[in-house]
Each structure stands twice: as structure tokens, then as C-alpha cells.
Amino acid sequence: MIPSALVSFSGFVLFVLEQNLAAYGLLALALLLAGFIGWALLRDLALITAGLVTISLVPITTDISTEHMAVMGSAMILAVGIPYAVSRFVFKDHAVRFPVRTGQTWTRAEKWYLPAVVVMGYALLPAYMINTGVYRNWPAVSDPEGIIRLFLGTNVLGIWDELFFICTIFVLLRRHLPLAQANVLQAVLFTSFLWELGFHAWAPVFIVPFALVQALIFTRTKSLPYIVCVHLLFDFVLFLVLIHAHNRAWIDIFIY
């Protein structure tokens, strides 16, 4: 638990406090302690560390310029791709997987949860984004190209969150920790990253539960498409709120 907790806490230091050297020191200490415990733990925490360090090397912002999207997008691909490739082709345990075709149909409860996510987003996001002024952390766009870029940015990031924090970090931690512990640790990393991205003020109040529930859903369904659908529905409401917040006459359907 201690090495894993150090890795999780390093995300808070890295993304919230923005103290990279201190965070790297915590990661090094975590790997050192893991080495004394066993090779399996060291191996899996090293994969998580590789992803965290990779994404920390680029600016984590909501800038939707071509240059920034290319740089941050490349780092995001590597942060997921390195643990996946090393796990599959070097360690040959294929611990990191992205299950798409599970052969299981979604239950009635799972289907009803999808529109419920939209309702929750509608009730929560306008009050949060607009009343706190946090929407200003995202670019104001009103031209077609800017709107398309914003839409792509929010959706791609949502997909990556699930690939990295749930399918990679949570799954690797779960190999060594009970469900509750692994879930809390991934939620700290999930929330810390989104804080640096721009979700400030009281965002952790809803991001932490969201991250916890996403991991629980994935544990139950083993379905990447389902958790991605949940995330993208929430992000679609976010996208609409951002457009409205910067252009108040547009999409004037929210209460806040």
C-alpha cells in the first residue's frame, strides 16, 4: 500500500502543486520501496510511473491550438502506449488491456444510467462552470473551426482519461491492492490531473465520486465502450456549457 500511495500522492504534487522535482522524488522512493517488496509490484508501479512522467513533460492546458494539441496529444498517446507495449511485449503478462468486445450486453440499469448521466451533468455543470468562473480556463470560441476543435479536445481527453486512469492505472493497482484502496488511489490521480487541466474551485467534490464510480463500473462490466459512453455524455454537456458560457445567447437552456 505504501509504495502505491506514494505514486498516487506524487500525482497531487505533480499536477496540483506543480512541483515536478518533488513528485519525481516521490516516484523514485515508491519504486525503491516496491523493489524491496517484490518484482511484480515494482514492475507495475514502474509502468504507472512511466505514464505519469511522460504526461508531466508537456504543458497540461486547454489550449486548442494545433501546436499544443499535437504536443499534448503525442504525450497522451505515449503515456498510454508505453505501459501497454511494455506490459504486453516486454513483461508478456498483458496486464494493460482495453476491452472493447466483451460479449456482454448492457443491462437495463446500465442503459438507464446513460441518460441519468446527462441529467446529472445538466444539473451540475452550469452551476459549477459559470458561477465559479472556471469556464474561463477554456478558450472562448464562436467560429466553426474553434467550436470543432473544442469538441474534439473535450472528447479525446475524455477517452484518454478512461484509457489511462481506469484501464491502465486502476487495473495495475488492482493487481496488488483491494478494490477500495486501488480505487481511491486512482481517483486521486484522476482528480489531480483534471485540476491542472482547469477544473478548479469545488470540482473535486464531483470529480472524485465520478472517478470512483467509473472504476466500479469498469470492474463490473469490463467494458471500455461503456465507461467511455458515460464519460463522453458528461463531456458533451460540458461542451455545451462552455459554448453557452462564452456566448450567453447561444444554447440558452441551462439553469444556474
# chains A, B, ... in the order shown; residues from 1 in each chain; ligands from 1
$ residues_around --residues "His176 in chain A" --least-positions-apart "2" --cutoff "10 Å" --atoms "only C-alpha atoms" --output "list in words"
Met1, Ser4, Ala40, Leu41, Asp44, Val171, Leu172, Leu173, Arg174, Pro178, Leu179, Gln181 and Ala182 of chain A
$ write_last_selection --atoms "N, CA, C and O atoms" --output "CSV table (one decimal), in the first residue's frame"
chain,number,residue,atom,x,y,z
A,1,MET,N,0.8,-1.2,0.0
A,1,MET,CA,0.0,0.0,0.0
A,1,MET,C,0.9,1.3,0.0
A,1,MET,O,0.6,2.2,-0.7
A,4,SER,N,2.4,2.3,-3.4
A,4,SER,CA,1.3,2.7,-4.3
A,4,SER,C,0.7,4.0,-3.9
A,4,SER,O,0.4,4.9,-4.8
A,40,ALA,N,7.0,-8.0,-8.9
A,40,ALA,CA,5.7,-7.8,-9.6
A,40,ALA,C,5.2,-6.4,-9.3
A,40,ALA,O,4.7,-5.6,-10.2
A,41,LEU,N,5.3,-5.9,-8.0
A,41,LEU,CA,4.8,-4.6,-7.7
A,41,LEU,C,5.7,-3.5,-8.3
A,41,LEU,O,5.2,-2.5,-8.8
A,44,ASP,N,4.8,-3.1,-12.0
A,44,ASP,CA,3.5,-2.4,-12.3
A,44,ASP,C,3.6,-1.0,-11.9
A,44,ASP,O,3.0,-0.1,-12.7
A,171,VAL,N,-6.3,-0.6,-13.1
A,171,VAL,CA,-6.1,-2.1,-13.4
A,171,VAL,C,-4.7,-2.5,-12.8
A,171,VAL,O,-4.7,-3.6,-12.2
A,172,LEU,N,-3.7,-1.8,-13.0
A,172,LEU,CA,-2.4,-2.2,-12.4
A,172,LEU,C,-2.4,-2.1,-10.9
A,172,LEU,O,-1.8,-3.0,-10.3
A,173,LEU,N,-3.0,-1.1,-10.3
A,173,LEU,CA,-3.1,-1.1,-8.8
A,173,LEU,C,-3.9,-2.2,-8.3
A,173,LEU,O,-3.6,-2.8,-7.2
A,174,ARG,N,-4.9,-2.6,-9.0
A,174,ARG,CA,-5.9,-3.6,-8.6
A,174,ARG,C,-5.2,-5.0,-8.5
A,174,ARG,O,-5.6,-5.8,-7.7
A,178,PRO,N,-6.6,-4.2,-2.6
A,178,PRO,CA,-8.1,-4.4,-2.6
A,178,PRO,C,-8.8,-3.4,-3.4
A,178,PRO,O,-8.2,-2.3,-3.7
A,179,LEU,N,-10.0,-3.6,-3.9
A,179,LEU,CA,-10.7,-2.7,-4.7
A,179,LEU,C,-10.8,-1.3,-4.2
A,179,LEU,O,-10.5,-0.4,-4.9
A,181,GLN,N,-9.0,0.4,-2.0
A,181,GLN,CA,-7.7,1.1,-2.0
A,181,GLN,C,-7.3,1.5,-3.4
A,181,GLN,O,-6.9,2.6,-3.6
A,182,ALA,N,-7.3,0.5,-4.3
A,182,ALA,CA,-6.9,0.9,-5.7
A,182,ALA,C,-7.8,1.9,-6.3
A,182,ALA,O,-7.3,2.8,-7.0
$ closest_atom_pairs --of "range 179-233 of chain A" --to "range 55-79 of chain A" --cutoff "8 Å" --atoms "only C-alpha atoms" --output "tab-separated table"
residue	atom	partner	partner_atom	distance
A:Glu196	CA	A:Ile60	CA	6.6
A:Leu197	CA	A:Thr61	CA	5.0
A:Gly198	CA	A:Thr61	CA	7.1
$ write_last_selection --atoms "C-alpha atoms" --output "PDB file, in the first residue's frame"
ATOM      1  CA  GLU A 196      -4.234  21.075 -13.527  1.00  0.00           C
ATOM      2  CA  LEU A 197      -6.271  20.973 -16.718  1.00  0.00           C
ATOM      3  CA  GLY A 198      -8.571  23.661 -15.320  1.00  0.00           C
TER       4      GLY A 198
END
$ residues_around --residues "Leu233 in chain A" --least-positions-apart "3" --cutoff "8 Å" --atoms "only C-alpha atoms" --output "list of chain:residue names"
A:Leu114, A:Val117, A:Val118, A:Cys229, A:Val230, A:Phe236, A:Val237
$ residues_around --residues "range 9-14 of chain A" --least-positions-apart "2" --cutoff "9 Å" --atoms "only C-alpha atoms" --output "PyMOL selection string"
chain A and resi 4-7+16-27+52+56+185+188-193
$ residues_around --residues "Glu162 in chain A" --least-positions-apart "6" --cutoff "9 Å" --atoms "only C-alpha atoms" --output "list in words"
Thr168, Gln214, Ala215, Leu224, Ile227, Val228 and His231 of chain A
$ write_last_selection --atoms "C-alpha atoms" --output "mmCIF file, in the first residue's frame"
data_model
loop_
_atom_site.group_PDB
_atom_site.id
_atom_site.type_symbol
_atom_site.label_atom_id
_atom_site.label_comp_id
_atom_site.auth_asym_id
_atom_site.auth_seq_id
_atom_site.Cartn_x
_atom_site.Cartn_y
_atom_site.Cartn_z
ATOM 1 C CA THR A 168 -4.074 1.391 -17.024
ATOM 2 C CA GLN A 214 -16.164 4.828 -13.298
ATOM 3 C CA ALA A 215 -13.718 2.318 -11.815
ATOM 4 C CA LEU A 224 -14.271 0.151 -22.208
ATOM 5 C CA ILE A 227 -17.335 3.782 -19.460
ATOM 6 C CA VAL A 228 -16.312 5.866 -22.476
ATOM 7 C CA HIS A 231 -17.700 9.948 -19.871
#
$ closest_residue --among "A:Pro126, A:Pro204, A:Leu152, A:Ala46" --to "Asp252 in chain A" --atoms "only C-alpha atoms"
A:Pro126
$ select_by_dssp --residues "range 29-217 of chain A" --states "helix (DSSP H, G or I)" --output "PyMOL selection string"
chain A and resi 29-37+39-56+66-90+108-131+134-137+144-174+179-197+204-217
